[in-house]
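Have a look at data_3.tsv below; it lists TSV, C-alpha atoms.
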```
chain	number	residue	atom	x	y	z
B	83	MET	CA	14.89	-50.23	-10.49
B	84	ASN	CA	17.38	-47.94	-12.20
B	85	GLY	CA	16.22	-44.68	-10.64
B	86	THR	CA	13.55	-42.74	-8.79
B	87	ALA	CA	12.14	-39.35	-9.80
B	88	TRP	CA	11.16	-36.52	-7.48
B	89	ASP	CA	9.25	-33.39	-8.55
B	90	ILE	CA	10.55	-30.20	-6.93
B	91	ASP	CA	8.56	-26.96	-6.96
B	92	ALA	CA	10.25	-23.96	-8.55
B	93	VAL	CA	9.13	-21.89	-5.56
B	94	GLY	CA	10.96	-24.30	-3.24
B	95	VAL	CA	7.99	-25.47	-1.16
B	96	ILE	CA	9.08	-29.13	-1.07
B	97	ALA	CA	12.80	-28.73	-1.55
B	98	PRO	CA	13.57	-27.37	1.98
B	99	ALA	CA	12.56	-30.72	3.49
B	100	LEU	CA	15.21	-32.36	1.34
B	101	ARG	CA	17.78	-29.71	2.17
B	102	ARG	CA	17.22	-30.06	5.91
B	103	ALA	CA	17.65	-33.83	5.75
B	104	LEU	CA	21.03	-33.72	4.03
B	105	GLN	CA	24.44	-32.53	5.10
B	106	PRO	CA	25.85	-29.68	2.96
B	107	ARG	CA	28.63	-31.86	1.57
B	108	SER	CA	26.24	-34.68	0.72
B	109	LEU	CA	23.80	-32.27	-0.91
B	110	HIS	CA	26.63	-30.88	-3.04
B	111	SER	CA	27.54	-34.40	-4.07
B	112	LEU	CA	23.94	-35.12	-4.97
B	113	THR	CA	23.60	-32.12	-7.28
B	114	LYS	CA	26.27	-33.60	-9.55
B	115	HIS	CA	24.02	-36.62	-10.14
B	116	LEU	CA	20.68	-34.87	-10.54
B	117	LYS	CA	19.60	-34.95	-14.18
B	118	PRO	CA	16.62	-32.87	-15.29
B	119	CYS	CA	14.41	-34.94	-17.52
B	120	VAL	CA	11.02	-33.18	-17.47
B	121	LYS	CA	10.01	-29.50	-17.13
B	122	SER	CA	6.29	-28.87	-16.81
B	123	GLY	CA	5.10	-25.38	-15.80
B	124	SER	CA	6.64	-24.52	-12.46
B	125	VAL	CA	7.68	-28.11	-11.65
B	126	PHE	CA	11.11	-29.57	-12.34
B	127	ARG	CA	11.46	-33.37	-12.24
B	128	PHE	CA	14.87	-34.80	-11.44
B	129	LYS	CA	15.88	-38.46	-11.78
B	130	VAL	CA	18.62	-39.91	-9.66
B	131	ASN	CA	20.18	-42.82	-11.52
B	132	LYS	CA	21.63	-45.42	-9.24
B	133	LYS	CA	24.24	-46.54	-11.74
B	134	ASP	CA	25.59	-42.98	-11.96
B	135	LEU	CA	26.18	-42.69	-8.25
B	136	THR	CA	29.72	-43.21	-7.09
B	137	LEU	CA	30.51	-45.64	-4.34
B	138	ALA	CA	31.01	-42.75	-1.93
B	139	ALA	CA	27.50	-41.49	-2.72
B	140	SER	CA	25.74	-44.84	-2.44
B	141	ARG	CA	24.89	-44.11	1.18
B	142	LEU	CA	23.17	-40.93	-0.02
B	143	TRP	CA	21.00	-42.99	-2.36
B	144	ARG	CA	19.87	-45.19	0.50
B	145	ARG	CA	19.09	-42.09	2.58
B	146	LEU	CA	16.97	-40.63	-0.23
B	147	PHE	CA	15.08	-43.92	-0.54
B	148	ILE	CA	14.29	-43.86	3.19
B	149	LEU	CA	13.11	-40.27	2.97
B	150	HIS	CA	10.92	-41.18	0.02
B	151	SER	CA	9.38	-44.15	1.85
B	152	LYS	CA	8.58	-41.90	4.84
B	153	ASN	CA	6.96	-39.32	2.57
B	154	VAL	CA	9.39	-36.62	3.62
B	155	VAL	CA	9.86	-35.85	-0.05
B	156	ASN	CA	6.53	-36.36	-1.76
B	157	PRO	CA	6.35	-36.98	-5.51
B	158	THR	CA	3.93	-34.61	-7.18
B	159	SER	CA	2.84	-33.91	-10.71
B	160	TYR	CA	2.19	-30.19	-10.41
B	161	CYS	CA	3.10	-27.10	-8.40
B	162	HIS	CA	0.95	-27.00	-5.27
B	163	LEU	CA	0.62	-25.21	-1.95
B	164	ASN	CA	2.33	-26.87	0.97
B	165	ALA	CA	-0.53	-27.09	3.48
B	166	ALA	CA	1.96	-27.91	6.24
B	167	VAL	CA	2.97	-24.23	6.37
B	168	PRO	CA	0.64	-22.50	8.92
B	169	ILE	CA	0.22	-19.26	6.96
B	170	LEU	CA	-0.86	-21.26	3.89
B	171	ARG	CA	-3.36	-23.24	5.96
B	172	LEU	CA	-4.78	-19.90	7.05
B	173	TYR	CA	-5.12	-18.74	3.45
B	174	LEU	CA	-6.92	-21.95	2.46
B	175	ASP	CA	-9.36	-21.62	5.37
B	176	GLU	CA	-12.13	-19.31	4.15
B	177	ALA	CA	-13.63	-19.02	7.65
B	178	ALA	CA	-10.40	-17.72	9.20
B	179	ASP	CA	-9.68	-14.09	10.05
B	180	HIS	CA	-7.05	-13.18	7.46
B	181	ARG	CA	-6.75	-9.56	8.63
B	182	ALA	CA	-4.96	-10.62	11.81
B	183	HIS	CA	-1.95	-11.90	9.84
B	184	LEU	CA	-2.22	-10.33	6.38
B	185	ARG	CA	-4.11	-7.10	7.24
B	186	LEU	CA	-6.59	-7.69	4.40
B	187	SER	CA	-9.80	-9.69	4.22
B	188	LEU	CA	-9.97	-12.73	1.95
B	189	PRO	CA	-12.08	-10.89	-0.71
B	190	SER	CA	-9.47	-8.09	-0.77
B	191	ILE	CA	-6.62	-10.60	-1.15
B	192	ARG	CA	-8.40	-12.36	-4.00
B	193	SER	CA	-9.15	-9.02	-5.63
B	194	LEU	CA	-5.44	-8.15	-5.51
B	195	ILE	CA	-4.43	-11.54	-6.91
B	196	GLY	CA	-6.96	-11.16	-9.72
B	197	ALA	CA	-5.71	-7.67	-10.55
B	198	LEU	CA	-2.09	-8.87	-10.73
B	199	ARG	CA	-2.70	-12.18	-12.49
B	200	LEU	CA	-1.51	-12.47	-16.08
B	201	GLU	CA	-2.81	-14.78	-18.78
B	202	SER	CA	0.50	-16.64	-18.69
B	203	ASP	CA	0.15	-17.35	-14.96
B	204	HIS	CA	-0.87	-20.81	-13.87
B	205	GLY	CA	-1.05	-22.81	-10.68
B	206	TRP	CA	-0.44	-21.20	-7.29
B	207	GLU	CA	2.65	-19.16	-8.13
B	208	ARG	CA	0.91	-15.75	-8.14
B	209	ASP	CA	-1.04	-16.57	-4.96
B	210	LEU	CA	2.14	-17.52	-3.13
B	211	GLU	CA	3.97	-14.39	-4.20
B	212	VAL	CA	1.11	-12.13	-3.11
B	213	LEU	CA	0.90	-13.88	0.27
B	214	VAL	CA	4.64	-13.47	0.82
B	215	PHE	CA	4.44	-9.79	-0.07
B	216	LEU	CA	1.40	-9.13	2.15
B	217	TYR	CA	2.97	-10.94	5.10
B	218	TRP	CA	6.15	-8.90	4.74
B	219	LEU	CA	4.12	-5.70	4.47
B	220	ALA	CA	1.82	-6.57	7.40
B	221	HIS	CA	4.68	-7.29	9.81
B	222	ALA	CA	7.55	-5.22	8.34
B	223	SER	CA	9.65	-8.29	9.12
B	224	SER	CA	13.12	-9.09	7.90
B	225	TYR	CA	13.46	-11.31	4.87
B	226	ARG	CA	14.85	-14.02	7.17
B	227	VAL	CA	11.67	-14.10	9.26
B	228	VAL	CA	9.43	-14.29	6.18
B	229	SER	CA	11.72	-16.99	4.78
B	230	GLN	CA	11.19	-19.11	7.88
B	231	THR	CA	7.44	-18.48	7.88
B	232	PHE	CA	6.96	-19.69	4.30
B	233	ASP	CA	9.85	-22.17	4.31
B	234	ILE	CA	11.46	-20.65	1.22
B	235	PRO	CA	14.96	-19.19	0.68
B	236	LYS	CA	15.66	-15.66	1.89
B	237	THR	CA	16.81	-14.58	-1.56
B	238	SER	CA	13.47	-15.74	-2.96
B	239	VAL	CA	11.65	-13.56	-0.43
B	240	HIS	CA	13.70	-10.52	-1.50
B	241	ASP	CA	12.96	-11.17	-5.17
B	242	ILE	CA	9.25	-11.77	-4.54
B	243	VAL	CA	8.80	-8.59	-2.46
B	244	HIS	CA	10.40	-6.40	-5.12
B	245	ARG	CA	8.65	-8.17	-8.00
B	246	VAL	CA	5.18	-7.91	-6.45
B	247	SER	CA	5.70	-4.28	-5.40
B	248	LYS	CA	6.46	-3.36	-9.01
B	249	ALA	CA	3.40	-5.31	-10.14
B	250	VAL	CA	1.24	-3.39	-7.65
B	251	LEU	CA	2.64	-0.11	-8.96
B	252	GLY	CA	1.65	-1.30	-12.42
B	253	ILE	CA	-2.05	-1.14	-11.46
B	254	LEU	CA	-1.72	2.14	-9.51
B	255	ARG	CA	-3.37	4.31	-12.18
B	256	LYS	CA	-6.29	1.90	-12.40
B	257	VAL	CA	-6.93	1.94	-8.65
B	258	ILE	CA	-5.96	5.53	-7.80
B	259	CYS	CA	-7.59	7.83	-10.34
B	260	PHE	CA	-9.71	10.99	-10.58
B	261	PRO	CA	-13.50	10.65	-10.82
B	262	THR	CA	-15.41	11.85	-13.85
B	263	GLY	CA	-19.04	12.36	-14.88
B	264	ASP	CA	-21.58	11.02	-12.41
B	265	ASP	CA	-18.83	9.88	-10.06
B	266	LEU	CA	-17.59	13.47	-9.79
B	267	GLU	CA	-21.07	14.70	-8.86
B	268	ALA	CA	-21.35	11.93	-6.26
B	269	VAL	CA	-18.08	13.09	-4.69
B	270	GLY	CA	-19.39	16.68	-4.51
B	271	ALA	CA	-22.62	15.48	-2.89
B	272	GLY	CA	-20.54	13.50	-0.40
B	273	PHE	CA	-18.55	16.56	0.68
B	274	ALA	CA	-21.77	18.56	1.00
B	275	GLN	CA	-23.03	15.89	3.38
B	276	LEU	CA	-19.78	15.79	5.34
B	277	SER	CA	-19.76	19.56	5.82
B	278	GLY	CA	-23.47	19.92	6.44
B	279	SER	CA	-23.77	22.64	3.79
B	280	PRO	CA	-24.96	22.32	0.15
B	281	ALA	CA	-22.42	25.01	-0.81
B	282	PHE	CA	-19.63	22.46	-0.38
B	283	SER	CA	-20.93	20.41	-3.30
B	284	ARG	CA	-18.29	22.35	-5.26
B	285	ALA	CA	-15.61	20.50	-3.28
B	286	VAL	CA	-14.46	17.30	-4.99
B	287	GLY	CA	-11.46	16.37	-2.87
B	288	ALA	CA	-9.38	17.01	0.23
B	289	ILE	CA	-5.60	17.37	0.10
B	290	ASP	CA	-2.95	17.01	2.80
B	291	GLY	CA	0.55	15.76	3.47
B	292	CYS	CA	1.71	12.91	5.68
B	293	HIS	CA	5.17	12.19	7.10
B	294	ILE	CA	6.43	8.60	6.70
B	295	ARG	CA	9.14	7.59	9.18
B	296	MET	CA	12.30	6.17	7.64
B	297	LYS	CA	16.01	5.67	8.19
B	298	PRO	CA	17.60	8.37	6.03
B	299	PRO	CA	20.72	8.16	3.87
B	300	ALA	CA	23.77	8.85	6.01
B	301	ASN	CA	25.16	11.62	3.81
B	302	THR	CA	21.90	13.62	3.50
B	303	SER	CA	20.09	12.82	6.74
B	304	HIS	CA	19.55	16.52	7.55
B	305	CYS	CA	17.30	16.88	4.49
B	306	TYR	CA	14.88	14.31	5.90
B	307	TYR	CA	14.63	15.81	9.40
B	308	ASN	CA	11.17	17.39	9.65
B	309	ARG	CA	9.66	20.00	11.94
B	310	LYS	CA	8.20	17.20	14.11
B	311	LEU	CA	11.76	16.16	14.96
B	312	PHE	CA	12.09	12.83	13.16
B	313	HIS	CA	13.34	11.70	9.75
B	314	SER	CA	10.70	11.17	7.10
B	315	ILE	CA	9.61	11.43	3.50
B	316	GLN	CA	6.40	13.15	2.44
B	317	LEU	CA	3.24	11.62	1.08
B	318	GLN	CA	0.85	14.12	-0.52
B	319	ALA	CA	-2.60	12.70	-1.19
B	320	ILE	CA	-6.03	13.79	-2.41
B	321	THR	CA	-9.05	11.79	-1.23
B	322	ASP	CA	-12.75	11.72	-1.99
B	323	HIS	CA	-15.58	11.87	0.56
B	324	ARG	CA	-15.13	8.17	1.49
B	325	GLY	CA	-11.40	8.34	2.17
B	326	LYS	CA	-10.42	6.76	-1.16
B	327	PHE	CA	-7.21	8.12	-2.63
B	328	LEU	CA	-7.66	9.99	-5.91
B	329	ASP	CA	-4.01	10.98	-6.30
B	330	ILE	CA	-0.74	10.42	-4.46
B	331	PHE	CA	2.69	12.03	-4.74
B	332	VAL	CA	5.42	10.55	-2.55
B	333	GLY	CA	9.15	10.95	-2.17
B	334	TYR	CA	10.04	14.50	-1.08
B	335	PRO	CA	12.22	14.75	2.07
B	336	GLY	CA	10.46	15.60	5.33
B	337	SER	CA	12.11	19.01	5.65
B	338	VAL	CA	10.30	20.33	2.57
B	339	HIS	CA	7.20	22.49	3.19
B	340	ASP	CA	3.79	21.13	2.13
B	341	ALA	CA	3.24	24.08	-0.22
B	342	ARG	CA	6.52	23.41	-2.04
B	343	VAL	CA	5.65	19.73	-2.42
B	344	LEU	CA	2.34	20.80	-3.96
B	345	ARG	CA	3.99	23.20	-6.42
B	346	ASN	CA	6.24	20.39	-7.67
B	347	SER	CA	3.52	17.74	-7.91
B	348	PRO	CA	2.03	16.63	-11.25
B	349	VAL	CA	-1.50	17.57	-10.17
B	350	TYR	CA	-0.39	21.21	-9.77
B	351	LEU	CA	2.01	21.47	-12.71
B	352	GLY	CA	-0.45	19.87	-15.11
B	353	SER	CA	-3.63	21.39	-13.60
B	354	LEU	CA	-4.97	17.84	-13.52
B	355	TYR	CA	-7.56	18.23	-10.75
B	356	PRO	CA	-10.07	19.61	-9.85
B	357	PRO	CA	-11.95	20.38	-13.09
B	358	PRO	CA	-13.16	23.96	-13.77
B	359	GLY	CA	-15.90	25.11	-11.41
B	360	LYS	CA	-14.81	22.70	-8.69
B	361	CYS	CA	-12.32	22.97	-5.83
B	362	ILE	CA	-10.35	20.87	-3.36
B	363	LEU	CA	-9.96	21.57	0.35
B	364	GLY	CA	-6.65	22.00	2.16
B	365	ASP	CA	-5.41	23.07	5.58
B	366	GLY	CA	-3.76	26.34	6.51
B	367	GLY	CA	-0.33	25.12	5.41
B	368	TYR	CA	-1.37	25.50	1.77
B	369	PRO	CA	-1.98	28.76	-0.11
B	370	CYS	CA	-5.55	29.66	-1.04
B	371	LEU	CA	-5.54	29.33	-4.83
B	372	SER	CA	-7.82	29.84	-7.80
B	373	ALA	CA	-5.20	28.88	-10.41
B	374	PRO	CA	-3.61	26.71	-11.71
B	375	ILE	CA	-5.80	24.59	-9.43
B	376	CYS	CA	-8.60	25.77	-7.18
B	377	LEU	CA	-7.57	25.01	-3.59
B	378	ILE	CA	-9.60	26.48	-0.73
B	379	THR	CA	-8.12	26.82	2.74
B	380	PRO	CA	-9.72	28.07	5.99
B	381	TYR	CA	-9.52	31.68	7.18
B	382	ARG	CA	-6.64	32.50	9.46
B	383	GLU	CA	-7.35	32.62	13.15
B	384	PRO	CA	-8.60	34.79	14.73
B	385	VAL	CA	-11.49	35.21	12.32
B	386	HIS	CA	-13.08	38.61	11.81
B	387	ASN	CA	-16.80	37.78	11.70
B	388	PRO	CA	-19.36	34.98	12.15
B	389	VAL	CA	-19.41	34.23	8.41
B	390	GLN	CA	-15.73	33.29	8.49
B	391	ALA	CA	-16.20	31.27	11.69
B	392	CYS	CA	-19.08	29.32	10.16
B	393	PHE	CA	-17.09	28.67	7.01
B	394	ASN	CA	-14.08	27.38	8.97
B	395	SER	CA	-16.29	24.99	10.92
B	396	LYS	CA	-17.90	23.53	7.79
B	397	HIS	CA	-14.54	23.42	6.00
B	398	SER	CA	-12.94	21.48	8.86
B	399	ARG	CA	-15.75	18.91	8.93
B	400	ALA	CA	-15.38	18.27	5.21
B	401	ARG	CA	-11.59	18.29	5.08
B	402	ASN	CA	-11.21	15.91	8.03
B	403	ILE	CA	-11.79	12.93	5.72
B	404	ILE	CA	-8.17	13.13	4.53
B	405	GLU	CA	-6.98	12.80	8.13
B	406	ARG	CA	-9.23	9.77	8.55
B	407	ALA	CA	-7.91	8.21	5.34
B	408	PHE	CA	-4.31	8.54	6.54
B	409	GLY	CA	-5.36	7.12	9.90
B	410	MET	CA	-7.03	4.08	8.31
B	411	MET	CA	-4.01	3.35	6.13
B	412	LYS	CA	-1.59	3.73	9.03
B	413	THR	CA	-3.70	1.49	11.26
B	414	ARG	CA	-3.90	-1.24	8.63
B	415	TRP	CA	-0.15	-1.18	7.91
B	416	ARG	CA	0.89	-0.15	11.40
B	417	PHE	CA	4.31	-1.81	11.29
B	418	ILE	CA	5.14	0.17	8.17
B	419	PHE	CA	3.99	3.59	9.40
B	420	PHE	CA	4.38	3.57	13.18
B	421	LYS	CA	8.13	2.93	13.15
B	422	ALA	CA	11.04	3.91	10.95
B	423	LEU	CA	11.23	1.76	7.82
B	424	GLU	CA	14.47	-0.22	7.82
B	425	ILE	CA	14.75	-0.59	4.08
B	426	SER	CA	16.65	1.19	1.33
B	427	PRO	CA	15.58	4.88	1.12
B	428	ALA	CA	15.03	4.42	-2.62
B	429	PHE	CA	12.54	1.62	-1.92
B	430	VAL	CA	10.49	3.54	0.68
B	431	PRO	CA	8.34	5.56	-1.82
B	432	GLU	CA	7.50	2.35	-3.67
B	433	VAL	CA	6.34	0.63	-0.47
B	434	VAL	CA	4.24	3.65	0.56
B	435	ALA	CA	2.59	3.78	-2.87
B	436	CYS	CA	1.77	0.07	-2.61
B	437	CYS	CA	0.10	0.69	0.77
B	438	ALA	CA	-2.05	3.41	-0.84
B	439	VAL	CA	-3.09	1.06	-3.66
B	440	LEU	CA	-4.02	-1.68	-1.18
B	441	HIS	CA	-5.95	0.88	0.90
B	442	ASN	CA	-8.15	1.65	-2.11
B	443	LEU	CA	-8.61	-2.02	-3.00
B	444	ALA	CA	-9.70	-2.73	0.57
B	445	LEU	CA	-12.27	0.08	0.52
B	446	LEU	CA	-13.67	-1.18	-2.79
B	447	ASN	CA	-14.19	-4.60	-1.17
B	448	GLY	CA	-15.84	-3.19	1.96
B	449	ASP	CA	-12.74	-4.03	4.02
B	450	ILE	CA	-12.65	-1.03	6.35
B	451	VAL	CA	-10.30	-0.62	9.30
B	452	GLU	CA	-11.20	2.19	11.65
B	453	ALA	CA	-8.35	4.53	12.45
B	454	GLU	CA	-6.85	4.00	15.89
B	455	ASP	CA	-4.58	7.02	15.66
B	456	GLU	CA	-5.72	9.62	13.15
B	457	GLU	CA	-3.34	12.23	11.90
B	458	ASP	CA	-2.98	15.19	14.21
B	459	HIS	CA	-4.33	18.56	13.13
B	460	ASP	CA	-1.07	20.43	13.63
B	461	ASP	CA	-1.04	22.22	10.29
B	462	ASP	CA	2.17	23.38	8.69
B	463	PRO	CA	2.77	27.09	9.26
B	464	PRO	CA	2.17	29.27	6.18
B	465	GLU	CA	5.04	29.26	3.74
B	466	PRO	CA	6.96	32.55	4.10
B	467	HIS	CA	7.19	34.99	1.18
B	468	ASN	CA	4.64	33.22	-0.97
B	469	PRO	CA	3.05	35.76	-3.36
B	470	GLN	CA	0.36	33.24	-4.40
B	471	ALA	CA	-0.88	32.64	-0.87
B	472	ARG	CA	-4.08	34.68	-1.29
B	473	VAL	CA	-4.93	34.63	-4.99
B	474	GLY	CA	-7.99	32.50	-4.22
B	475	ASP	CA	-9.44	34.75	-1.52
B	476	HIS	CA	-12.33	35.92	-3.69
B	477	VAL	CA	-13.37	32.31	-4.39
B	478	ARG	CA	-13.26	31.53	-0.68
B	479	ASP	CA	-15.29	34.65	0.16
B	480	ASN	CA	-17.99	33.64	-2.31
B	481	LEU	CA	-18.09	30.13	-0.90
B	482	ALA	CA	-18.27	31.46	2.67
B	483	ALA	CA	-21.18	33.71	1.70
B	484	ALA	CA	-22.98	30.74	0.16
B	485	VAL	CA	-22.42	28.71	3.33
B	486	SER	CA	-24.00	31.41	5.52
B	487	ALA	CA	-26.87	32.16	3.12
B	488	PRO	CA	-30.26	30.78	4.24
B	489	ASN	CA	-31.27	27.56	2.51
B	490	ILE	CA	-35.01	28.13	2.82
B	491	CYS	CA	-37.29	31.04	2.10
B	492	VAL	CA	-38.82	32.69	5.16
B	493	ALA	CA	-42.61	32.21	5.00
B	494	ALA	CA	-43.36	35.75	6.16
B	495	LEU	CA	-41.68	37.14	3.05
B	496	ASN	CA	-44.37	35.59	0.86
B	497	GLU	CA	-47.23	37.40	2.64
B	498	HIS	CA	-46.56	40.75	0.96
B	499	ASP	CA	-46.11	42.05	-2.54
B	500	TYR	CA	-42.89	43.91	-3.13
B	501	LEU	CA	-42.33	46.50	-5.85
```
I'd like the structure from this file rewritten - as structure tokens, please.
Amino acid sequence: MNGTAWDIDAVGVIAPALRRALQPRSLHSLTKHLKPCVKSGSVFRFKVNKKDLTLAASRLWRRLFILHSKNVVNPTSYCHLNAAVPILRLYLDEAADHRAHLRLSLPSIRSLIGALRLESDHGWERDLEVLVFLYWLAHASSYRVVSQTFDIPKTSVHDIVHRVSKAVLGILRKVICFPTGDDLEAVGAGFAQLSGSPAFSRAVGAIDGCHIRMKPPANTSHCYYNRKLFHSIQLQAITDHRGKFLDIFVGYPGSVHDARVLRNSPVYLGSLYPPPGKCILGDGGYPCLSAPICLITPYREPVHNPVQACFNSKHSRARNIIERAFGMMKTRWRFIFFKALEISPAFVPEVVACCAVLHNLALLNGDIVEAEDEEDHDDDPPEPHNPQARVGDHVRDNLAAAVSAPNICVAALNEHDYL
């Protein structure tokens, strides 16, 4: 026999067994005698020719033959999943609880893989990359830990995490988008049900900001220090009545006021949402607006009459869905949101946006995680010297009057004729 061929996965699933069995110097010697002869998909076949081995490397040949006979290095004809890796065994077991390790159910994982898969993809490459990314996201682990879990090089983990995150951002506008037509009416009906008042059918979203803990850049750390006394960046989001994100805007430092973040967001600058005749609900940290977007906030405490008190109560019940949405996302990706992210500050907004996309995908697949720690209701104080803070007062007054108006006709009024 002149030589023996081994197939080695491009993703390195089989190769680590070979690397562990060889000394670094011997492995370096071997690479000089490995000759690629076949490339098929993601599999590279290398033939070791005995006649090409030097006398000093002949012992290496015998070692490789022993490894081959013991099935340490298994010949294969195509890229495959290494079932010896525990996390991959979990993925292949449809009866297992995938949320414990990957924070998503199996239908949600498959939905994500299907959304990211390209026509040029083949084999298990896309599945493996998504699993690596989800595991890193679920545990906020170092690349070294993920490398050991999947038995792949640390540099491969880094490349996979960044590649998949960009792919997830590529489907963001398909997963996070504004409703139209019948969907818009369904959102309005949902807010009317949440508030307990038909008048709130005009509401088609709830808006709020969320602070994401992070390790700030050393030279500008003061910009990221927020009023809650920790470093963060801001996530502004609009949700529907189910807690699904309709729009996100992430990246402003934590020291910036919610109202300023809003004024610099695309939804405000482009008057993108809500459509005419509709409104979104915000807390007291936002100005009450009628243009360029219609944003309705509660009356300032103390209120002056029962109409305002009733409106604030209904408003709070409807707007609370945004707090619940943040709570669900933070509970699902708790290692991302409940401690400071130890990654590059430039990469933090991308990771947060990916979490929002996965939140929506999970909801669409019925994969709901109840919030363990919902956002607190400590609203930002009103922005000082804001001339636009009350330009929507007349819209709010009309809505408050509609909330307090009786929904049924009193029977006694029909017993008489009125001129």
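Take the candidates B:Leu210, B:Leu446, B:Val385, B:Ala274 and check each one against Phe327 (chain B) using all atoms listed in the file; the shortest distance goes to B:Leu446.
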> Contacts of Leu198 (chain B) at 9 Å or less, counting all atoms listed in the file, minus same-chain residues fewer than 5 places along, as JSON, numbers by chain?
Replying inline: {"B": [193, 208, 212, 246, 249, 250, 252, 253]}
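For His221 (chain B), the residues within 9 Å (counting all atoms listed in the file, excluding itself and residues fewer than 4 positions away along the chain) are His183, Leu184, Leu216, Tyr217, Trp415, Arg416, Phe417 and Ile418 of chain B.
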>> For region 334-342 of chain B, find every residue with an atom within 12 Å (counting all atoms listed in the file), except residues of its own chain fewer than 6 positions away, and show them as a PyMOL selection string.
In response: chain B and resi 289-299+302-319+350-351+364-371+377+427-428+430-431+461-468+470-471
With C-alpha atoms kept, could you save the residues just selected as an mmCIF file, keeping the file's coordinate frame?
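Generated output (selection.cif):
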```
data_model
loop_
_atom_site.group_PDB
_atom_site.id
_atom_site.type_symbol
_atom_site.label_atom_id
_atom_site.label_comp_id
_atom_site.auth_asym_id
_atom_site.auth_seq_id
_atom_site.Cartn_x
_atom_site.Cartn_y
_atom_site.Cartn_z
ATOM 1 C CA ILE B 289 -5.600 17.370 0.100
ATOM 2 C CA ASP B 290 -2.950 17.010 2.800
ATOM 3 C CA GLY B 291 0.550 15.760 3.470
ATOM 4 C CA CYS B 292 1.710 12.910 5.680
ATOM 5 C CA HIS B 293 5.170 12.190 7.100
ATOM 6 C CA ILE B 294 6.430 8.600 6.700
ATOM 7 C CA ARG B 295 9.140 7.590 9.180
ATOM 8 C CA MET B 296 12.300 6.170 7.640
ATOM 9 C CA LYS B 297 16.010 5.670 8.190
ATOM 10 C CA PRO B 298 17.600 8.370 6.030
ATOM 11 C CA PRO B 299 20.720 8.160 3.870
ATOM 12 C CA THR B 302 21.900 13.620 3.500
ATOM 13 C CA SER B 303 20.090 12.820 6.740
ATOM 14 C CA HIS B 304 19.550 16.520 7.550
ATOM 15 C CA CYS B 305 17.300 16.880 4.490
ATOM 16 C CA TYR B 306 14.880 14.310 5.900
ATOM 17 C CA TYR B 307 14.630 15.810 9.400
ATOM 18 C CA ASN B 308 11.170 17.390 9.650
ATOM 19 C CA ARG B 309 9.660 20.000 11.940
ATOM 20 C CA LYS B 310 8.200 17.200 14.110
ATOM 21 C CA LEU B 311 11.760 16.160 14.960
ATOM 22 C CA PHE B 312 12.090 12.830 13.160
ATOM 23 C CA HIS B 313 13.340 11.700 9.750
ATOM 24 C CA SER B 314 10.700 11.170 7.100
ATOM 25 C CA ILE B 315 9.610 11.430 3.500
ATOM 26 C CA GLN B 316 6.400 13.150 2.440
ATOM 27 C CA LEU B 317 3.240 11.620 1.080
ATOM 28 C CA GLN B 318 0.850 14.120 -0.520
ATOM 29 C CA ALA B 319 -2.600 12.700 -1.190
ATOM 30 C CA TYR B 350 -0.390 21.210 -9.770
ATOM 31 C CA LEU B 351 2.010 21.470 -12.710
ATOM 32 C CA GLY B 364 -6.650 22.000 2.160
ATOM 33 C CA ASP B 365 -5.410 23.070 5.580
ATOM 34 C CA GLY B 366 -3.760 26.340 6.510
ATOM 35 C CA GLY B 367 -0.330 25.120 5.410
ATOM 36 C CA TYR B 368 -1.370 25.500 1.770
ATOM 37 C CA PRO B 369 -1.980 28.760 -0.110
ATOM 38 C CA CYS B 370 -5.550 29.660 -1.040
ATOM 39 C CA LEU B 371 -5.540 29.330 -4.830
ATOM 40 C CA LEU B 377 -7.570 25.010 -3.590
ATOM 41 C CA PRO B 427 15.580 4.880 1.120
ATOM 42 C CA ALA B 428 15.030 4.420 -2.620
ATOM 43 C CA VAL B 430 10.490 3.540 0.680
ATOM 44 C CA PRO B 431 8.340 5.560 -1.820
ATOM 45 C CA ASP B 461 -1.040 22.220 10.290
ATOM 46 C CA ASP B 462 2.170 23.380 8.690
ATOM 47 C CA PRO B 463 2.770 27.090 9.260
ATOM 48 C CA PRO B 464 2.170 29.270 6.180
ATOM 49 C CA GLU B 465 5.040 29.260 3.740
ATOM 50 C CA PRO B 466 6.960 32.550 4.100
ATOM 51 C CA HIS B 467 7.190 34.990 1.180
ATOM 52 C CA ASN B 468 4.640 33.220 -0.970
ATOM 53 C CA GLN B 470 0.360 33.240 -4.400
ATOM 54 C CA ALA B 471 -0.880 32.640 -0.870
#
```
Report as a compact mmCIF listing (two decimals) with C-alpha atoms, in the frame of the given file all protein, DNA and RNA residues lying within 10 Å of Met410 (chain B), evaluated on all atoms listed in the file, omitting residues in the same chain fewer than 3 positions from it.
```
# COMPACT_ATOMS: atom_id res chain seq x y z
CA GLY B 325 -11.40 8.34 2.17
CA ILE B 404 -8.17 13.13 4.53
CA GLU B 405 -6.98 12.80 8.13
CA ARG B 406 -9.23 9.77 8.55
CA ALA B 407 -7.91 8.21 5.34
CA THR B 413 -3.70 1.49 11.26
CA ARG B 414 -3.90 -1.24 8.63
CA TRP B 415 -0.15 -1.18 7.91
CA ARG B 416 0.89 -0.15 11.40
CA HIS B 441 -5.95 0.88 0.90
CA ILE B 450 -12.65 -1.03 6.35
CA VAL B 451 -10.30 -0.62 9.30
CA GLU B 452 -11.20 2.19 11.65
CA ALA B 453 -8.35 4.53 12.45
CA GLU B 454 -6.85 4.00 15.89
CA ASP B 455 -4.58 7.02 15.66
CA GLU B 456 -5.72 9.62 13.15
CA GLU B 457 -3.34 12.23 11.90
```
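Comparing the minimum interatomic distances between Gly278 (chain B) and each of B:Arg171, B:Lys412, B:His244, B:His397, counting all atoms listed in the file, we find that B:His397 sits nearest.
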